[in-house]
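K.L.:
As input, take structure.txt (compact mmCIF, C-alpha atoms):
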```txt
# COMPACT_ATOMS: atom_id res chain seq x y z
CA MET V 1 -22.80 45.84 21.87
CA SER V 2 -19.72 43.72 21.15
CA ASP V 3 -20.57 41.36 24.03
CA SER V 4 -23.30 39.70 21.99
CA ILE V 5 -20.85 39.20 19.10
CA TYR V 6 -18.40 37.40 21.37
CA ARG V 7 -21.21 35.24 22.75
CA ALA V 8 -22.21 34.38 19.19
CA LEU V 9 -18.63 33.35 18.32
CA LYS V 10 -18.44 31.14 21.41
CA GLY V 11 -21.79 29.60 20.50
CA LEU V 12 -20.60 28.97 16.94
CA SER V 13 -17.51 27.21 18.23
CA ARG V 14 -19.64 24.98 20.47
CA LYS V 15 -22.01 24.13 17.60
CA GLU V 16 -19.08 23.23 15.36
CA ASN V 17 -17.75 20.77 17.94
CA ILE V 18 -21.17 19.17 18.41
CA ASN V 19 -21.71 18.93 14.65
CA HIS V 20 -18.32 17.33 14.11
CA ASN V 21 -18.98 14.69 16.77
CA THR V 22 -22.45 13.98 15.36
CA HIS V 23 -21.14 13.24 11.86
CA SER V 24 -18.10 11.24 12.96
CA ASN V 25 -18.25 7.45 12.83
CA LEU V 26 -16.20 7.31 16.03
CA PRO V 27 -17.56 7.64 19.59
CA ASN V 28 -18.10 11.16 20.93
CA GLN V 29 -14.81 13.05 21.38
CA PHE V 30 -12.96 9.77 20.75
CA GLU V 31 -9.71 11.22 19.41
CA ILE V 32 -9.52 13.84 22.16
CA LYS V 33 -10.15 11.17 24.81
CA VAL V 34 -7.41 8.97 23.34
CA TYR V 35 -4.98 11.90 23.32
CA PHE V 36 -5.85 12.66 26.93
CA THR V 37 -5.12 9.02 27.78
CA TYR V 38 -1.56 9.45 26.49
CA LEU V 39 -1.25 12.81 28.21
CA THR V 40 -2.57 11.40 31.50
CA SER V 41 0.01 8.62 31.35
CA ILE V 42 2.79 11.19 30.94
CA ILE V 43 1.45 13.50 33.66
CA VAL V 44 1.19 10.58 36.11
CA ALA V 45 4.74 9.61 35.12
CA ILE V 46 5.93 13.09 36.08
CA ILE V 47 4.09 12.93 39.42
CA VAL V 48 5.60 9.52 40.18
CA ALA V 49 9.02 10.89 39.20
CA PHE V 50 8.68 13.56 41.89
CA LEU V 51 7.74 10.84 44.39
CA TRP V 52 10.80 8.94 43.29
CA GLN V 53 12.99 11.98 44.00
CA LEU V 54 11.41 12.46 47.41
CA THR V 55 11.58 8.85 48.54
CA GLN V 56 14.40 7.42 46.39
CA LEU V 57 12.38 4.21 46.10
CA GLU V 58 13.22 2.12 43.04
CA PRO V 59 9.60 1.04 42.33
CA PHE V 60 8.67 4.68 41.77
CA LYS V 61 11.51 5.08 39.28
CA LEU V 62 10.51 2.02 37.29
CA THR V 63 6.80 2.91 37.36
CA SER V 64 7.51 6.46 36.18
CA LEU V 65 9.65 5.31 33.26
CA ILE V 66 7.13 2.65 32.21
CA LEU V 67 4.28 5.21 32.22
CA LEU V 68 6.43 7.65 30.26
CA MET V 69 7.32 4.96 27.74
CA LEU V 70 3.64 3.98 27.34
CA GLY V 71 2.80 7.63 26.69
CA TYR V 72 5.44 7.86 23.96
CA ILE V 73 4.33 4.58 22.39
CA GLY V 74 0.72 5.77 22.37
CA ILE V 75 1.63 9.05 20.69
CA ILE V 76 3.77 7.32 18.05
CA ILE V 77 1.21 4.65 17.11
CA HIS V 78 -1.77 7.02 17.33
CA PRO V 79 -1.82 7.78 13.57
CA ALA V 80 -1.97 4.04 12.83
CA VAL V 81 -4.84 3.59 15.33
CA VAL V 82 -6.82 6.46 13.81
CA PHE V 83 -6.06 5.16 10.30
CA PHE V 84 -7.55 1.80 11.24
CA LEU V 85 -10.63 3.26 12.93
CA ARG V 86 -11.25 5.69 10.08
CA ARG V 87 -10.45 3.20 7.34
CA LYS V 88 -13.86 3.65 5.68
CA GLU V 89 -13.49 7.43 5.55
CA ILE V 90 -9.92 7.09 4.26
CA LYS V 91 -11.06 4.61 1.60
CA ASP V 92 -13.69 7.10 0.44
CA SER V 93 -11.14 9.93 0.43
CA ILE V 94 -8.83 7.90 -1.81
CA LYS V 95 -11.66 7.40 -4.30
CA ASN V 96 -12.62 11.07 -4.31
CA PRO V 97 -10.47 13.28 -2.03
CA LEU V 98 -12.26 16.52 -2.90
CA ALA V 99 -15.66 15.04 -2.06
CA VAL V 100 -14.54 14.38 1.51
CA LEU V 101 -13.18 17.91 1.87
CA TYR V 102 -16.39 19.41 0.48
CA ASN V 103 -18.47 17.27 2.85
CA ASN V 104 -16.39 18.57 5.75
CA ALA V 105 -16.96 22.13 4.55
CA LYS V 106 -20.69 21.48 4.17
CA MET V 107 -21.08 20.26 7.77
CA ASN V 108 -20.85 23.77 9.23
CA ASP V 109 -22.77 25.48 6.44
CA CYS V 110 -26.11 25.87 8.24
CA PHE V 111 -24.49 27.10 11.46
CA ASP V 112 -22.32 29.62 9.64
CA LYS V 113 -25.31 31.06 7.78
CA LYS V 114 -27.34 31.33 10.97
CA TYR V 115 -24.60 33.15 12.85
CA MET V 116 -23.73 35.30 9.85
CA GLY V 117 -27.35 36.47 9.82
CA PHE V 118 -27.05 37.38 13.49
CA LEU V 119 -23.73 39.18 13.00
CA HIS V 120 -25.18 41.08 10.05
CA SER V 121 -27.70 42.64 12.44
CA LYS V 122 -24.88 44.22 14.46
CA SER V 123 -23.38 47.60 13.74
CA LEU V 124 -20.43 47.86 11.40
CA ASP V 125 -18.37 49.65 14.06
CA ASP V 126 -18.90 46.82 16.58
CA LEU V 127 -17.99 44.19 14.00
CA GLU V 128 -14.83 45.99 12.93
CA PHE V 129 -13.74 46.54 16.53
CA THR V 130 -14.40 42.87 17.38
CA LEU V 131 -12.44 41.79 14.32
CA LEU V 132 -9.53 43.97 15.41
CA GLU V 133 -9.52 42.49 18.91
CA VAL V 134 -9.86 38.88 17.74
CA LYS V 135 -7.03 39.26 15.22
CA ALA V 136 -4.80 40.89 17.84
CA GLU V 137 -5.53 38.11 20.35
CA LYS V 138 -4.84 35.41 17.73
CA THR V 139 -1.51 37.01 16.79
CA ALA V 140 -0.46 37.34 20.43
CA PHE V 141 -1.55 33.76 21.16
CA GLU V 142 0.45 32.40 18.20
CA LYS V 143 3.55 34.32 19.28
CA ARG V 144 3.29 33.02 22.85
CA THR V 145 2.90 29.50 21.52
CA ALA V 146 5.87 29.88 19.17
CA LEU V 147 8.07 31.08 22.01
CA LEU V 148 7.15 28.08 24.13
CA VAL V 149 6.99 25.22 21.63
CA GLY V 150 8.39 26.55 18.36
CA SER V 151 11.61 24.53 18.49
CA ILE V 152 9.77 21.38 19.63
CA GLU V 153 7.51 21.51 16.57
CA ARG V 154 10.53 21.57 14.26
CA VAL V 155 12.42 18.63 15.80
CA GLY V 156 9.42 16.54 16.94
CA PHE V 157 9.66 13.72 19.47
CA ALA V 158 13.15 12.57 18.48
CA PRO V 159 15.05 14.26 21.36
CA GLY V 160 12.53 12.96 23.91
CA VAL V 161 12.64 9.41 22.56
CA LEU V 162 16.45 9.50 22.46
CA ALA V 163 16.61 10.78 26.04
CA LEU V 164 14.22 8.04 27.19
CA LEU V 165 16.23 5.32 25.44
CA ILE V 166 19.46 6.60 27.00
CA SER V 167 17.80 6.56 30.41
CA LEU V 168 16.48 3.03 29.97
CA ASP V 169 19.92 1.86 28.86
CA LYS V 170 21.34 3.04 32.20
CA LEU V 171 18.35 2.09 34.33
CA ASN V 172 20.28 0.97 37.40
CA GLU V 173 22.28 4.16 37.92
CA ILE V 174 19.89 6.66 36.34
CA GLU V 175 19.06 9.88 38.17
CA LEU V 176 16.55 12.61 37.28
CA ASP V 177 19.07 14.71 35.36
CA TRP V 178 18.62 17.08 32.42
CA VAL V 179 18.59 14.22 29.89
CA LEU V 180 15.60 12.52 31.50
CA SER V 181 13.94 15.90 32.08
CA ILE V 182 13.88 16.37 28.29
CA ALA V 183 12.05 13.06 27.92
CA TYR V 184 9.36 14.23 30.37
CA ALA V 185 9.02 17.77 29.04
CA ILE V 186 8.80 17.27 25.27
CA PRO V 187 5.43 15.41 25.14
CA ILE V 188 3.76 18.05 27.32
CA LEU V 189 5.05 20.84 25.07
CA TYR V 190 4.01 18.90 21.98
CA PHE V 191 0.45 18.48 23.25
CA PHE V 192 0.26 22.16 24.08
CA GLY V 193 1.52 23.07 20.60
CA ALA V 194 -0.98 20.79 18.84
CA PHE V 195 -3.86 22.15 20.92
CA SER V 196 -2.78 25.70 20.18
CA HIS V 197 -2.78 25.06 16.43
CA ILE V 198 -6.32 23.69 16.63
CA LEU V 199 -7.48 26.83 18.44
CA ALA V 200 -5.72 29.09 15.93
CA THR V 201 -7.37 27.25 13.03
CA LYS V 202 -10.82 27.72 14.57
CA MET V 203 -10.14 31.40 15.11
CA ASN V 204 -9.14 31.75 11.45
CA ARG V 205 -12.58 30.47 10.41
CA HIS V 206 -14.36 32.86 12.72
CA ILE V 207 -12.23 35.76 11.53
CA ALA V 208 -13.12 34.89 7.94
CA ILE V 209 -16.83 34.88 8.85
CA ILE V 210 -16.62 38.31 10.50
CA GLU V 211 -14.68 39.68 7.53
CA LEU V 212 -17.32 38.36 5.12
CA VAL V 213 -20.13 39.97 7.14
CA ILE V 214 -18.26 43.29 7.23
CA GLU V 215 -17.71 43.13 3.49
CA LYS V 216 -21.40 42.42 2.87
CA LYS V 217 -22.49 45.29 5.16
CA LYS V 218 -20.13 47.71 3.40
CA HIS V 219 -21.41 46.56 0.02
CA THR V 220 -24.99 47.06 1.18
CA ARG V 221 -24.17 50.53 2.46
CA VAL V 222 -22.57 51.52 -0.85
CA ASN V 223 -25.55 50.25 -2.83
CA SER V 224 -28.00 52.10 -0.60
CA GLU V 225 -26.12 55.33 -1.20
```
Turn this file's structure into structure tokens for me.
P.N.:
Amino acid sequence: MSDSIYRALKGLSRKENINHNTHSNLPNQFEIKVYFTYLTSIIVAIIVAFLWQLTQLEPFKLTSLILLMLGYIGIIIHPAVVFFLRRKEIKDSIKNPLAVLYNNAKMNDCFDKKYMGFLHSKSLDDLEFTLLEVKAEKTAFEKRTALLVGSIERVGFAPGVLALLISLDKLNEIELDWVLSIAYAIPILYFFGAFSHILATKMNRHIAIIELVIEKKKHTRVNSE
């Protein structure tokens, strides 16, 4: 049954995450937690902005803009923070970039082989049907993501930062108009786009594994004939 194949793919994804955290020199899920800190700041800023609109109290306006600005600052300096925390890994990658990439590839080797052995025990028809469904879902997911955040990925944070700076420049008379709405919306869309790309990348690996198993089963069938 295909159900066991889907359970195996979900299990493989979970093992990959655990393995990555185990071999990282940073605390468990550190980068994700840091990203969620920025995202939380922006979400709270949006909530406070609604309170500001309901009450028209100036403290809410100032608090919302400060939280939004902190979220933007965190996102912008995040690469520098990660660079500092991963300085040893980066130093090693400069000495031998391919070695680091091969080590990353090696991390999932044992899990992939284990799950490939399990998938090889499944029928060729089930594997091919699962591959069809996973590819279709990935394509649909990527199209939905592109419709929502495609333009944001091309222009980046610049419109949001510009809108925030314009709003801060007119702090006394600012209202929650379309300019400020851009500043609130862009980080949320950016986070969603980045998360979607991570999911699509993981699905590509799993698709490649299923394709390899199918190819091996077909080769075995031909040889047996």
K.L.:
Taking all atoms listed in the file into account, name the residue in V:Thr145, V:Asn204, V:Thr130, V:Thr139 that is nearest to V:Ala8.
P.N.:
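Comparing V:Thr145, V:Asn204, V:Thr130, V:Thr139 against V:Ala8, the winner is V:Thr130.
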K.L.:
For a quick check of understanding, using all atoms listed in the file, which of V:Glu137, V:Asp3, V:Glu211, V:Glu142 has the smallest distance to V:His120?
P.N.:
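Of V:Glu137, V:Asp3, V:Glu211, V:Glu142, the one nearest V:His120, counting all atoms listed in the file, is V:Glu211.
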K.L.:
Nearest to V:Ala208: which of V:Leu70, V:Leu57, V:Met116, V:Ile47 is it, counting all atoms listed in the file?
P.N.:
V:Met116
K.L.:
Record the distance separating atom CA of V:Ile5 and atom CA of V:Leu127, expressed in Å with one decimal.
P.N.:
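Interatomic distance here is 7.7 Å.
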K.L.:
For a test of reading the model, state the distance in Å between atom CA of V:Ile210 and atom CA of V:Ala194, rounded to one decimal.
P.N.:
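Straight-line distance from atom CA of V:Ile210 to atom CA of V:Ala194 works out to 24.9 Å.
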K.L.:
Tell me, in Å to one decimal, how far atom CA of V:Asn17 is from atom CA of V:Val34.
P.N.:
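Those two atoms sit 16.6 Å apart.
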K.L.:
For V:Val44, work out the shell of residues within 9 Å, counting all atoms listed in the file and skipping chain neighbours fewer than 5 positions away, then give it as a compact mmCIF listing (two decimals) with C-alpha atoms, in the coordinates of the input.
P.N.:
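Printed below is around_3.txt as written:
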```txt
# COMPACT_ATOMS: atom_id res chain seq x y z
CA LEU V 39 -1.25 12.81 28.21
CA ALA V 49 9.02 10.89 39.20
CA SER V 64 7.51 6.46 36.18
CA LEU V 67 4.28 5.21 32.22
CA LEU V 68 6.43 7.65 30.26
```
K.L.:
When distances are computed from all atoms listed in the file, which of V:Ala136, V:Ala105, V:Ile77, V:Val149 shows the smallest separation from V:Pro187?
P.N.:
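Comparing V:Ala136, V:Ala105, V:Ile77, V:Val149 against V:Pro187, the winner is V:Val149.
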K.L.:
Looking at V:Thr37, V:Gly11, V:Ala45, V:Asp126, which one is nearest to V:Lys61, with distances taken over all atoms listed in the file?
P.N.:
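Ranking V:Thr37, V:Gly11, V:Ala45, V:Asp126 by distance to V:Lys61, first place goes to V:Ala45.
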K.L.:
V:Ser2: which residues within 12 Å, counting only C-alpha atoms, same-chain residues fewer than 4 positions away excluded, as a PyMOL selection string?
P.N.:
chain V and resi 6-9+119+121-134
